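Colleague: This is the structure I have questions about; it appears just below.
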Amino acid sequence: MLNSNMSTLGIIFPNTYDALVPELVNVRLMASIPFASRYRLIDFVLSSMANCDIDNICVMVNNNYHSLMDHLGSGREWDLTRKNGGLHIYPPFAEKSAKPYTGRVDALARLLNFLRSQKENYVLMSDANIAANFDFNAMIQAHIESGADVTAAYNEQELPESLINSHSHDKGYYYTFGINEEGQITKIFVNSKETGVQNFSMNVYIIERELLINLIDDAFIHGQEYFERDVLLPQLNKLHVHAYKYEDYVARITDMKSYFDENMKLLDDYNLDGLFSGSPIYTKIRDDTPTRYKEGAVVQNVMVADGCVIEGEVENSVLFRGVTVAKGAKVKNCILMQGTTVESGADIQYLITDKNVKVSAGKEVKGTDSFPIYIGKSQKI
Amino acid sequence: MAKEIIAMLLAGGQGSRLYALTEKLAKPAVPFGGKYRIIDFPLSNCVNSGIDTVGILTQYQPLVLNEYIGNGQPWDLDRLHGGVHVLPPYQKASGSDWYKGTANAIYQNISFIERYDPQYVIILSGDQICKQDYSDFLKFHKEKGAEFSVAVMEVPWDEASRFGLMVADENDKITEFQEKPKNPKSNLASMGIYIFNWDILKKYLEEDEANPESENDFGNNIIPNLLRDGREMYAYHFDGYWKDVGTISSLWEANMEVLDPEHSGINLFDENWKIYSRNSGMAGHKINSGGVVENSMLTDGCRIKGTVKHSVLFSGVKVEKGAVVEDAVVMGGTTIKAGAVIKHCIIAENVTIEENAIVGAMPTETEKGVATVGANITIGENATVGPNAMVRENVKGGEEQC
């Protein structure tokens with residue numbers, strides 16, 4: 001984009017909602033969870049930003065971030081290796097009293113000097129637990145047109161059962177919005193248990209950089225931690241917070257079940273096109289070979305990345321890069337992450353295998369639709 | 001900073017025997033093996049062998065090749081000192097010349113080579129599919145105290161007369177060179193890959209250039225001159241997979257061999273010798289219910305609802321319901337619509353095969369042709385393309401092309 005008043009700085013919070021998928025973040029964080037056969041969750045928000053010419057991006061890593069650092073590298077795959085701007089990864093400053101940040105206020109307070117020295121007019125904030133091919137420019141345009149102080153993206157959906165039934169405040173906060181006819185947010189509900197379709201916040205915000213600095217400065221002095229709970233909610237009468245309804249495809253990871261379901265949903269072409277037919281989604285290049293289907297392979301309704309060798313039967317499954325399914329093995333309704341090996345005669349159903357899992361010859365492991373079995377990284381069955 | 005060795009990659013060839021496939025792109029840029037282009041092989045070999053400086057000599061239709069190479073990043077060849085450089089012919093104070101021959105192409109870039117002050121120069125060819133460790137070749141060259149070495153393959157005696165042959169003694173010292181002889185004295189075929197001591201190469205290039213009678217070709221001029229002068233010349237035996245993919249049938253065959261690494265010897269799945277390429281960036285491929293995929297290779301972006309047997313599909317190929325793809329090489333972005341049948345053929349990039357069209361046929365006693373469809377072409381509904389056809393223009397619905 002040519003220089004314009006729409007210039008925007010991106011900030012990504014990659015650890016948000018880690019507590020919702022404890023198994024998957026044992027060796028990583030939300031943003032680096034493998035998704036959709038060859039991606040990590042952060043690829044979607046990062047590519048969306050890059051595709052909207054947002055090329056000055058901070059990733060505020062908090063903990064368990066080695067896998068993410070490895071994935072992002074210099075940011076080249078997202079065209080974010082730049083002299084001006086580019087990708088910045090901000091880990092917690094390691095000093096004696098250092099602690100991971102709690103909420104966005106706490107995180108941004110540590111970034112204030114950086115924020116002050118940047119030149120972009122706007123700041124776009126996002127988590128990384130949602131896979132969407134988001135046209136942020138449309139949202140920024142809407143923000144400018146509405147004249148709002150803050151614009152918040154939401155989609156209409158029911159709250160996941162796990163949030164309604166078993167969510168406690170120590171696992172973090174999620175938000176739903178009350179919106180008036182003018183599209184202004186008049187209410188913010190924290191950890192709502194309402195059933196039925198809600199205006200479910202995507203935690204994507206656009207705000208003028210100067211205003212953000214002032215709000216964070218003030219909130220930090222008052223010992224506040226969370227942007228929505230502590231900054232927006234108490235000031236809804238003072239700030240014009242506008243709602244931006246996101247209507248394109250959204251895959252939101254809120255628990256293990258949704259992780260399984262959202263991967264499986266992509267086996268439907270309609271959903272797959274919904275997520276990928278827009279701008280390209282970039283990811284780390286691994287230089288795998290194409291996937292090889294050997295004599296005797298039987299495959300039905302699968303999504304498969306490069307570098308796999310398939311000789312057995314695979315049905316209704318998502319296979320990540322470098323998966324091997326040996327002759328006589330049966331894989332049904334499974335998600336097999338990078339480097340999984342299924343040996344001959346093994347029979348698995350409703351299984352989520354993390355990276356480099358080995359299912360030994362002849363083993364039979366079956367989960368169920370409502371309770372897929374998860375096998376941790378590098379485990380051998 | 002001097003380099004021990006740099007590579008010069010001859011990539012200017014038109015590849016006229018590939019016809020429709022090379023109308024708009026140079027031979028080294030021809031797609032191969034599902035996600036590669038031919039030039040990925042010599043480039044990856046360089047990087048895997050530890051050679052970090054490569055000059056690519058281009059001439060014919062360089063646009064696609066230039067864009068593909070870019071800054072060399074996919075091959076880790078974007079380097080501060082060295083890296084990959086595309087070298088087209090250029091205008092000099094004394095005038096300008098196309099590259100007249102392989103030797104002249106190197107001659108015109110002597111100043112490029114001298115910037116790196118190398119001890120050795122390896123000359124590579126951009127039209128071969130081969131995984132080769134050039135560092136082992138250089139080790140041989142040094143151990144022999146050679147001034148010139150050439151990589152050779154043993155070929156069957158009855159085919160030997162199709163090749164440039166090196167006659168060598170028991171110490172691998174070359175005593176004679178025969179270019180496509182009627183009566184071969186050797187079955188060691190030159191692979192067109194040479195290592196020279198740079199001072200020797202430079203001397204002979206300059207001498208060759210001064211001779212107006214010369215064709216400025218390595219095989220026809222430089223090598224005979226080296227022999228004439230009794231230079232230290234050695235033949236380095238290579239026994240891995242090597243294929244010149246200069247013809248439609250050899251290109252098709254090499255792609256099919258990728259499907260059978262256990263027997264053919266071309267194993268792309270070697271973690272220790274990766275072949276790098278520029279990636280498509282598409283989502284993982286998808287095989288729908290009802291789709292059949294047997295003994296084939298698929299890559300990102302493919303969508304399969306029909307039947308695919310013993311074929312190599314490149315990124316983003318769509319095979320619709322009821323379509324049949326067999327013994328075929330289908331390049332990126334091509335769509336095979338419902339009911340179409342394509343067999344024993346090469347379909348180039350971004351082709352549309354409309355519904356119920358037929359392209360190619362399985363070989364019979366009398367006809368063994370590989371039907372070929374050039375890039376961006378549409379084959380209309382119910383059209384038929386015969387097994388020997390070379391399609392360069394759209395074929396209208398219902399029409400037949402032989």
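Residues in the structure tokens are numbered from 1 in each chain, the chains being A, B, ... in the order shown, and ligands are numbered from 1 in the order shown.
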Find the residues of chain A in contact range of chain B, meaning any atom within 8 Å when counting only C-alpha atoms, and list them as a VMD selection string.

Modeller: chain A and resid 36 to 38 267 276 280 to 283 285 287 289 to 307

Colleague: Among region 48-123 of chain A, which ones does DSSP assign to strand (DSSP E or B) (computed from the backbone)? Answer as a list in words.

Modeller: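 Everything in region 48-123 of chain A that counts as strand (DSSP E or B) is Asn56, Ile57, Cys58, Val59, Gly86, Leu87, His88, Ile89, Tyr122 and Val123 of chain A.
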
Colleague: Residues of region 215-300 of chain B in alpha helix (DSSP H) according to DSSP, as number ranges by chain?

Modeller: B: 223-228, 248-258, 261-264

Colleague: Produce a file of the selected residues containing N, CA and C atoms, as a compact mmCIF listing (two decimals), in the first residue's frame.

Modeller:
```txt
# COMPACT_ATOMS: atom_id res chain seq x y z
N ILE B 223 37.64 -29.47 -25.08
CA ILE B 223 38.16 -30.77 -24.65
C ILE B 223 39.19 -31.32 -25.66
N PRO B 224 38.91 -31.29 -26.99
CA PRO B 224 39.95 -31.73 -27.94
C PRO B 224 41.25 -30.94 -27.80
N ASN B 225 41.14 -29.63 -27.55
CA ASN B 225 42.36 -28.83 -27.39
C ASN B 225 43.17 -29.24 -26.16
N LEU B 226 42.46 -29.55 -25.08
CA LEU B 226 43.15 -30.01 -23.86
C LEU B 226 43.89 -31.31 -24.15
N LEU B 227 43.22 -32.21 -24.88
CA LEU B 227 43.81 -33.50 -25.23
C LEU B 227 45.05 -33.31 -26.10
N ARG B 228 44.92 -32.41 -27.07
CA ARG B 228 46.00 -32.11 -28.00
C ARG B 228 47.27 -31.71 -27.23
N ILE B 248 10.51 -35.35 -24.96
CA ILE B 248 9.22 -35.57 -24.31
C ILE B 248 9.18 -36.95 -23.65
N SER B 249 9.66 -37.96 -24.38
CA SER B 249 9.54 -39.31 -23.81
C SER B 249 10.48 -39.49 -22.62
N SER B 250 11.68 -38.89 -22.67
CA SER B 250 12.58 -39.05 -21.52
C SER B 250 12.08 -38.25 -20.32
N LEU B 251 11.43 -37.11 -20.58
CA LEU B 251 10.88 -36.31 -19.48
C LEU B 251 9.72 -37.06 -18.82
N TRP B 252 8.89 -37.66 -19.66
CA TRP B 252 7.76 -38.42 -19.14
C TRP B 252 8.27 -39.62 -18.33
N GLU B 253 9.25 -40.29 -18.90
CA GLU B 253 9.81 -41.47 -18.26
C GLU B 253 10.44 -41.14 -16.90
N ALA B 254 11.19 -40.05 -16.86
CA ALA B 254 11.85 -39.66 -15.61
C ALA B 254 10.81 -39.34 -14.54
N ASN B 255 9.71 -38.70 -14.92
CA ASN B 255 8.64 -38.44 -13.96
C ASN B 255 8.04 -39.74 -13.44
N MET B 256 7.85 -40.70 -14.33
CA MET B 256 7.30 -41.98 -13.90
C MET B 256 8.27 -42.71 -12.97
N GLU B 257 9.54 -42.52 -13.21
CA GLU B 257 10.54 -43.18 -12.37
C GLU B 257 10.54 -42.63 -10.94
N VAL B 258 10.12 -41.38 -10.81
CA VAL B 258 10.00 -40.80 -9.47
C VAL B 258 9.00 -41.58 -8.63
N PRO B 261 10.90 -45.16 -6.66
CA PRO B 261 12.29 -44.95 -6.25
C PRO B 261 13.01 -46.25 -5.89
N GLU B 262 12.25 -47.26 -5.46
CA GLU B 262 12.88 -48.52 -5.05
C GLU B 262 13.63 -49.16 -6.22
N HIS B 263 13.13 -48.97 -7.44
CA HIS B 263 13.77 -49.60 -8.59
C HIS B 263 14.50 -48.62 -9.50
N SER B 264 13.97 -47.42 -9.61
CA SER B 264 14.53 -46.50 -10.61
C SER B 264 15.80 -45.83 -10.14
```

Colleague: Excluding region 78-90 of chain A and its own-chain neighbours fewer than 3 positions away, which residues fall within 7 Å of it when counting only C-alpha atoms? Please give them as JSON, numbers by chain.

Modeller: {"A": [47, 50, 55, 56, 57, 58, 59, 60, 61, 74, 75, 282]}

Colleague: Could you turn the residues from that selection into a file that holds all heavy atoms, as a PDB file, in the first residue's frame?

Modeller:
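Once everything was written out, this is result-v6.pdb:
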```pdb
ATOM      1  N   SER A  47      -0.471 -14.064   8.260  1.00  0.00           N
ATOM      2  CA  SER A  47      -0.631 -13.926   6.810  1.00  0.00           C
ATOM      3  C   SER A  47      -1.694 -12.881   6.494  1.00  0.00           C
ATOM      4  O   SER A  47      -1.534 -12.082   5.569  1.00  0.00           O
ATOM      5  CB  SER A  47      -1.027 -15.267   6.184  1.00  0.00           C
ATOM      6  OG  SER A  47      -0.049 -16.242   6.445  1.00  0.00           O
ATOM      7  N   ALA A  50      -0.078  -9.582   6.890  1.00  0.00           N
ATOM      8  CA  ALA A  50       0.875  -9.336   5.806  1.00  0.00           C
ATOM      9  C   ALA A  50       0.140  -9.060   4.493  1.00  0.00           C
ATOM     10  O   ALA A  50       0.531  -8.184   3.727  1.00  0.00           O
ATOM     11  CB  ALA A  50       1.820 -10.525   5.648  1.00  0.00           C
ATOM     12  N   ASP A  55       2.930  -4.482   7.953  1.00  0.00           N
ATOM     13  CA  ASP A  55       4.235  -5.138   7.887  1.00  0.00           C
ATOM     14  C   ASP A  55       5.149  -4.718   9.030  1.00  0.00           C
ATOM     15  O   ASP A  55       6.357  -4.839   8.948  1.00  0.00           O
ATOM     16  CB  ASP A  55       4.893  -4.894   6.528  1.00  0.00           C
ATOM     17  CG  ASP A  55       4.976  -3.425   6.189  1.00  0.00           C
ATOM     18  OD1 ASP A  55       4.725  -2.590   7.088  1.00  0.00           O
ATOM     19  OD2 ASP A  55       5.298  -3.108   5.035  1.00  0.00           O
ATOM     20  N   ASN A  56       4.548  -4.206  10.071  1.00  0.00           N
ATOM     21  CA  ASN A  56       5.288  -3.920  11.300  1.00  0.00           C
ATOM     22  C   ASN A  56       4.508  -4.611  12.408  1.00  0.00           C
ATOM     23  O   ASN A  56       3.445  -4.154  12.804  1.00  0.00           O
ATOM     24  CB  ASN A  56       5.350  -2.402  11.506  1.00  0.00           C
ATOM     25  CG  ASN A  56       6.267  -2.017  12.647  1.00  0.00           C
ATOM     26  OD1 ASN A  56       7.007  -2.851  13.177  1.00  0.00           O
ATOM     27  ND2 ASN A  56       6.217  -0.750  13.055  1.00  0.00           N
ATOM     28  N   ILE A  57       5.010  -5.763  12.849  1.00  0.00           N
ATOM     29  CA  ILE A  57       4.201  -6.636  13.701  1.00  0.00           C
ATOM     30  C   ILE A  57       5.002  -7.091  14.927  1.00  0.00           C
ATOM     31  O   ILE A  57       6.141  -7.551  14.801  1.00  0.00           O
ATOM     32  CB  ILE A  57       3.723  -7.877  12.911  1.00  0.00           C
ATOM     33  CG1 ILE A  57       2.851  -7.430  11.737  1.00  0.00           C
ATOM     34  CG2 ILE A  57       2.966  -8.851  13.812  1.00  0.00           C
ATOM     35  CD1 ILE A  57       2.453  -8.544  10.793  1.00  0.00           C
ATOM     36  N   CYS A  58       4.383  -6.935  16.095  1.00  0.00           N
ATOM     37  CA  CYS A  58       5.007  -7.414  17.332  1.00  0.00           C
ATOM     38  C   CYS A  58       4.309  -8.688  17.780  1.00  0.00           C
ATOM     39  O   CYS A  58       3.084  -8.742  17.813  1.00  0.00           O
ATOM     40  CB  CYS A  58       4.829  -6.410  18.466  1.00  0.00           C
ATOM     41  SG  CYS A  58       5.491  -4.814  18.093  1.00  0.00           S
ATOM     42  N   VAL A  59       5.082  -9.690  18.142  1.00  0.00           N
ATOM     43  CA  VAL A  59       4.514 -10.894  18.727  1.00  0.00           C
ATOM     44  C   VAL A  59       4.956 -10.926  20.188  1.00  0.00           C
ATOM     45  O   VAL A  59       6.144 -11.057  20.492  1.00  0.00           O
ATOM     46  CB  VAL A  59       4.979 -12.153  17.973  1.00  0.00           C
ATOM     47  CG1 VAL A  59       4.355 -13.399  18.585  1.00  0.00           C
ATOM     48  CG2 VAL A  59       4.616 -12.049  16.501  1.00  0.00           C
ATOM     49  N   MET A  60       3.970 -10.759  21.090  1.00  0.00           N
ATOM     50  CA  MET A  60       4.272 -10.620  22.525  1.00  0.00           C
ATOM     51  C   MET A  60       4.275 -11.999  23.182  1.00  0.00           C
ATOM     52  O   MET A  60       3.332 -12.370  23.871  1.00  0.00           O
ATOM     53  CB  MET A  60       3.209  -9.733  23.191  1.00  0.00           C
ATOM     54  CG  MET A  60       3.109  -8.345  22.598  1.00  0.00           C
ATOM     55  SD  MET A  60       4.529  -7.331  23.040  1.00  0.00           S
ATOM     56  CE  MET A  60       4.331  -7.150  24.789  1.00  0.00           C
ATOM     57  N   VAL A  61       5.364 -12.763  22.955  1.00  0.00           N
ATOM     58  CA  VAL A  61       5.410 -14.114  23.518  1.00  0.00           C
ATOM     59  C   VAL A  61       5.559 -14.043  25.033  1.00  0.00           C
ATOM     60  O   VAL A  61       6.175 -13.126  25.576  1.00  0.00           O
ATOM     61  CB  VAL A  61       6.555 -14.955  22.911  1.00  0.00           C
ATOM     62  CG1 VAL A  61       6.325 -15.164  21.439  1.00  0.00           C
ATOM     63  CG2 VAL A  61       7.898 -14.299  23.134  1.00  0.00           C
ATOM     64  N   SER A  74      13.009 -15.518  10.850  1.00  0.00           N
ATOM     65  CA  SER A  74      13.167 -14.086  10.622  1.00  0.00           C
ATOM     66  C   SER A  74      11.884 -13.475  10.058  1.00  0.00           C
ATOM     67  O   SER A  74      11.837 -12.290   9.782  1.00  0.00           O
ATOM     68  CB  SER A  74      14.301 -13.854   9.630  1.00  0.00           C
ATOM     69  OG  SER A  74      13.949 -14.411   8.378  1.00  0.00           O
ATOM     70  N   GLY A  75      10.868 -14.302   9.856  1.00  0.00           N
ATOM     71  CA  GLY A  75       9.609 -13.804   9.293  1.00  0.00           C
ATOM     72  C   GLY A  75       9.589 -13.789   7.782  1.00  0.00           C
ATOM     73  O   GLY A  75       8.680 -13.249   7.175  1.00  0.00           O
ATOM     74  N   TYR A 282       0.510 -18.168   4.495  1.00  0.00           N
ATOM     75  CA  TYR A 282       1.904 -18.592   4.420  1.00  0.00           C
ATOM     76  C   TYR A 282       2.297 -19.388   5.656  1.00  0.00           C
ATOM     77  O   TYR A 282       1.720 -19.229   6.720  1.00  0.00           O
ATOM     78  CB  TYR A 282       2.819 -17.371   4.294  1.00  0.00           C
ATOM     79  CG  TYR A 282       2.436 -16.470   3.156  1.00  0.00           C
ATOM     80  CD1 TYR A 282       1.727 -15.294   3.378  1.00  0.00           C
ATOM     81  CD2 TYR A 282       2.753 -16.814   1.846  1.00  0.00           C
ATOM     82  CE1 TYR A 282       1.351 -14.467   2.319  1.00  0.00           C
ATOM     83  CE2 TYR A 282       2.387 -16.004   0.795  1.00  0.00           C
ATOM     84  CZ  TYR A 282       1.683 -14.827   1.032  1.00  0.00           C
ATOM     85  OH  TYR A 282       1.309 -14.035  -0.017  1.00  0.00           O
TER      86      TYR A 282
END
```

Colleague: Using only C-alpha atoms, determine which residues lie at most 7 Å from region 46-52 of chain B, disregarding the query and same-chain residues fewer than 5 positions distant; provide the list as a list in words.

Modeller: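 The residues that qualify are Ile5, Ile6, Trp75, Leu77, Gly82, Gly83, Asp133, Tyr134, Ser135 and Trp273 of chain B.
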
Colleague: Just write the chosen residues, all heavy atoms, as a tab-separated table (two decimals), in the first residue's frame.

Modeller:
```tsv
chain	number	residue	atom	x	y	z
B	5	ILE	N	35.86	-23.05	-4.99
B	5	ILE	CA	35.22	-23.48	-6.23
B	5	ILE	C	33.92	-22.71	-6.43
B	5	ILE	O	33.22	-22.41	-5.45
B	5	ILE	CB	34.94	-25.01	-6.21
B	5	ILE	CG1	34.34	-25.48	-7.56
B	5	ILE	CG2	34.05	-25.40	-5.05
B	5	ILE	CD1	34.35	-26.99	-7.73
B	6	ILE	N	33.63	-22.34	-7.64
B	6	ILE	CA	32.31	-21.80	-7.96
B	6	ILE	C	31.73	-22.60	-9.11
B	6	ILE	O	32.44	-23.28	-9.84
B	6	ILE	CB	32.35	-20.29	-8.30
B	6	ILE	CG1	32.95	-20.05	-9.68
B	6	ILE	CG2	33.10	-19.49	-7.24
B	6	ILE	CD1	32.74	-18.63	-10.15
B	75	TRP	N	17.02	-21.94	-2.22
B	75	TRP	CA	18.16	-22.88	-2.23
B	75	TRP	C	19.23	-22.43	-1.25
B	75	TRP	O	20.35	-22.92	-1.28
B	75	TRP	CB	18.74	-22.97	-3.65
B	75	TRP	CG	17.68	-23.35	-4.64
B	75	TRP	CD1	17.34	-24.61	-5.01
B	75	TRP	CD2	16.80	-22.47	-5.31
B	75	TRP	NE1	16.28	-24.55	-5.89
B	75	TRP	CE2	15.94	-23.26	-6.10
B	75	TRP	CE3	16.63	-21.07	-5.34
B	75	TRP	CZ2	14.93	-22.71	-6.89
B	75	TRP	CZ3	15.63	-20.53	-6.13
B	75	TRP	CH2	14.80	-21.36	-6.91
B	77	LEU	N	20.72	-19.70	-1.37
B	77	LEU	CA	21.77	-19.08	-2.17
B	77	LEU	C	21.65	-17.56	-2.20
B	77	LEU	O	22.09	-16.91	-3.15
B	77	LEU	CB	21.76	-19.65	-3.60
B	77	LEU	CG	22.33	-21.07	-3.73
B	77	LEU	CD1	22.09	-21.65	-5.12
B	77	LEU	CD2	23.83	-21.08	-3.42
B	82	GLY	N	28.90	-14.11	-2.79
B	82	GLY	CA	28.58	-15.30	-3.57
B	82	GLY	C	27.08	-15.36	-3.80
B	82	GLY	O	26.46	-14.36	-4.13
B	83	GLY	N	26.53	-16.56	-3.63
B	83	GLY	CA	25.11	-16.74	-3.88
B	83	GLY	C	24.86	-16.99	-5.36
B	83	GLY	O	25.77	-17.28	-6.12
B	133	ASP	N	27.01	-35.56	-5.62
B	133	ASP	CA	27.81	-34.84	-4.64
B	133	ASP	C	29.05	-34.27	-5.34
B	133	ASP	O	30.00	-34.99	-5.61
B	133	ASP	CB	28.21	-35.78	-3.51
B	133	ASP	CG	28.92	-35.04	-2.39
B	133	ASP	OD1	29.30	-33.86	-2.60
B	133	ASP	OD2	29.10	-35.64	-1.32
B	134	TYR	N	29.02	-32.97	-5.64
B	134	TYR	CA	30.13	-32.37	-6.37
B	134	TYR	C	31.40	-32.29	-5.51
B	134	TYR	O	32.50	-32.17	-6.03
B	134	TYR	CB	29.76	-30.97	-6.87
B	134	TYR	CG	28.51	-30.93	-7.74
B	134	TYR	CD1	27.60	-29.87	-7.62
B	134	TYR	CD2	28.24	-31.92	-8.67
B	134	TYR	CE1	26.46	-29.82	-8.42
B	134	TYR	CE2	27.11	-31.88	-9.46
B	134	TYR	CZ	26.22	-30.83	-9.33
B	134	TYR	OH	25.09	-30.77	-10.11
B	135	SER	N	31.22	-32.33	-4.18
B	135	SER	CA	32.42	-32.26	-3.33
B	135	SER	C	33.25	-33.53	-3.47
B	135	SER	O	34.47	-33.51	-3.40
B	135	SER	CB	32.03	-32.01	-1.87
B	135	SER	OG	31.31	-33.09	-1.35
B	273	TRP	N	19.77	-35.52	1.31
B	273	TRP	CA	20.06	-34.84	0.06
B	273	TRP	C	18.77	-34.25	-0.49
B	273	TRP	O	18.23	-34.69	-1.49
B	273	TRP	CB	20.71	-35.79	-0.95
B	273	TRP	CG	21.54	-35.07	-1.96
B	273	TRP	CD1	21.15	-34.60	-3.18
B	273	TRP	CD2	22.92	-34.68	-1.82
B	273	TRP	NE1	22.17	-33.95	-3.81
B	273	TRP	CE2	23.27	-34.00	-3.00
B	273	TRP	CE3	23.87	-34.83	-0.81
B	273	TRP	CZ2	24.56	-33.47	-3.21
B	273	TRP	CZ3	25.14	-34.31	-1.04
B	273	TRP	CH2	25.48	-33.64	-2.21
```

Colleague: Separation of CA of Lys321 (chain B) and CA of Gly322 (chain A), in Å?

Modeller: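 According to the coordinates, CA of Lys321 (chain B) and CA of Gly322 (chain A) are separated by 27.6 Å.
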
Colleague: Of the residues A:Asn191, A:Thr254, A:Asn63, A:Asn203, which is the one nearest to Ala152 (chain A), using only C-alpha atoms?

Modeller: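 Distance minimum relative to Ala152 (chain A) lands on A:Asn203.
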
Colleague: For Met166 (chain B), please output as a list in words all residues within 10 Å (counting only C-alpha atoms; exclusion window: fewer than 5 positions along the same chain).

Modeller: Val150, Ala151, Val152, Met153, Asp172, Lys173, Ile174, Thr175, Glu176, Phe177, Gln178, Glu179, Pro184, Lys185, Ser186, Asn187, Leu188, Ala189, Ser190, Tyr234 and Ala235 of chain B

Colleague: Go ahead and save the picked residues with N, CA, C and O atoms, as a short mmCIF file (atom, residue, chain, number, x, y, z; two decimals), in the first residue's frame.

Modeller:
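That gives us again.cif:
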```cif
data_model
loop_
_atom_site.label_atom_id
_atom_site.label_comp_id
_atom_site.auth_asym_id
_atom_site.auth_seq_id
_atom_site.Cartn_x
_atom_site.Cartn_y
_atom_site.Cartn_z
N VAL B 150 36.07 -34.85 -15.94
CA VAL B 150 34.70 -34.91 -16.46
C VAL B 150 33.99 -36.07 -15.78
O VAL B 150 34.56 -37.13 -15.56
N ALA B 151 32.74 -35.83 -15.40
CA ALA B 151 31.94 -36.91 -14.82
C ALA B 151 31.43 -37.79 -15.95
O ALA B 151 30.93 -37.29 -16.96
N VAL B 152 31.60 -39.09 -15.78
CA VAL B 152 31.17 -40.03 -16.82
C VAL B 152 30.28 -41.12 -16.23
O VAL B 152 30.39 -41.46 -15.05
N MET B 153 29.42 -41.65 -17.08
CA MET B 153 28.53 -42.76 -16.72
C MET B 153 28.85 -43.91 -17.66
O MET B 153 29.04 -43.70 -18.85
N ASP B 172 42.14 -43.92 -14.76
CA ASP B 172 41.07 -42.98 -15.13
C ASP B 172 41.58 -41.78 -15.92
O ASP B 172 40.87 -40.80 -16.09
N LYS B 173 42.82 -41.86 -16.38
CA LYS B 173 43.35 -40.76 -17.18
C LYS B 173 42.79 -40.85 -18.60
O LYS B 173 42.78 -41.91 -19.21
N ILE B 174 42.28 -39.73 -19.07
CA ILE B 174 41.63 -39.73 -20.38
C ILE B 174 42.69 -39.69 -21.48
O ILE B 174 43.60 -38.85 -21.45
N THR B 175 42.53 -40.61 -22.41
CA THR B 175 43.50 -40.67 -23.51
C THR B 175 42.89 -40.25 -24.84
O THR B 175 43.59 -39.90 -25.77
N GLU B 176 41.57 -40.32 -24.88
CA GLU B 176 40.93 -39.99 -26.15
C GLU B 176 39.49 -39.57 -25.90
O GLU B 176 38.86 -40.01 -24.93
N PHE B 177 38.98 -38.73 -26.80
CA PHE B 177 37.58 -38.31 -26.71
C PHE B 177 36.92 -38.59 -28.04
O PHE B 177 37.45 -38.24 -29.09
N GLN B 178 35.77 -39.28 -27.98
CA GLN B 178 35.05 -39.58 -29.23
C GLN B 178 33.65 -38.98 -29.14
O GLN B 178 32.88 -39.32 -28.24
N GLU B 179 33.32 -38.09 -30.06
CA GLU B 179 31.98 -37.51 -30.05
C GLU B 179 31.08 -38.35 -30.95
O GLU B 179 31.26 -38.40 -32.16
N PRO B 184 32.58 -47.15 -31.14
CA PRO B 184 33.02 -46.68 -29.82
C PRO B 184 34.17 -47.53 -29.25
O PRO B 184 34.15 -48.75 -29.35
N LYS B 185 35.15 -46.82 -28.66
CA LYS B 185 36.26 -47.52 -28.01
C LYS B 185 36.05 -47.56 -26.51
O LYS B 185 36.91 -48.03 -25.76
N SER B 186 34.95 -46.97 -26.08
CA SER B 186 34.70 -46.87 -24.64
C SER B 186 33.19 -46.82 -24.44
O SER B 186 32.43 -46.55 -25.37
N ASN B 187 32.75 -47.14 -23.21
CA ASN B 187 31.33 -46.93 -22.93
C ASN B 187 31.15 -45.92 -21.79
O ASN B 187 30.19 -45.95 -21.06
N LEU B 188 32.15 -45.05 -21.65
CA LEU B 188 32.07 -44.02 -20.61
C LEU B 188 31.54 -42.72 -21.24
O LEU B 188 32.25 -42.01 -21.93
N ALA B 189 30.26 -42.45 -21.00
CA ALA B 189 29.63 -41.28 -21.61
C ALA B 189 29.85 -40.05 -20.75
O ALA B 189 29.70 -40.09 -19.53
N SER B 190 30.18 -38.94 -21.41
CA SER B 190 30.33 -37.68 -20.68
C SER B 190 28.97 -37.19 -20.21
O SER B 190 27.99 -37.19 -20.96
N TYR B 234 41.08 -36.35 -16.37
CA TYR B 234 40.62 -37.57 -15.73
C TYR B 234 39.10 -37.73 -15.83
O TYR B 234 38.36 -36.76 -15.94
N ALA B 235 38.69 -39.00 -15.81
CA ALA B 235 37.26 -39.32 -15.88
C ALA B 235 36.79 -39.78 -14.51
O ALA B 235 37.34 -40.71 -13.93
#
```

Colleague: Please, which residues in region 174-271 of chain A fall within 6 Å of region 128-132 of chain A when counting only C-alpha atoms, and what is the closest atom pair and distance in Å to one decimal for each, ordered by chain then residue number, as a Markdown table?

Modeller:
```
| residue | atom | partner | partner_atom | distance |
| --- | --- | --- | --- | --- |
| A:Val250 | CA | A:Ala132 | CA | 5.1 |
| A:Ala251 | CA | A:Ala131 | CA | 5.0 |
| A:Arg252 | CA | A:Ile130 | CA | 4.4 |
| A:Ile253 | CA | A:Asn129 | CA | 5.5 |
```
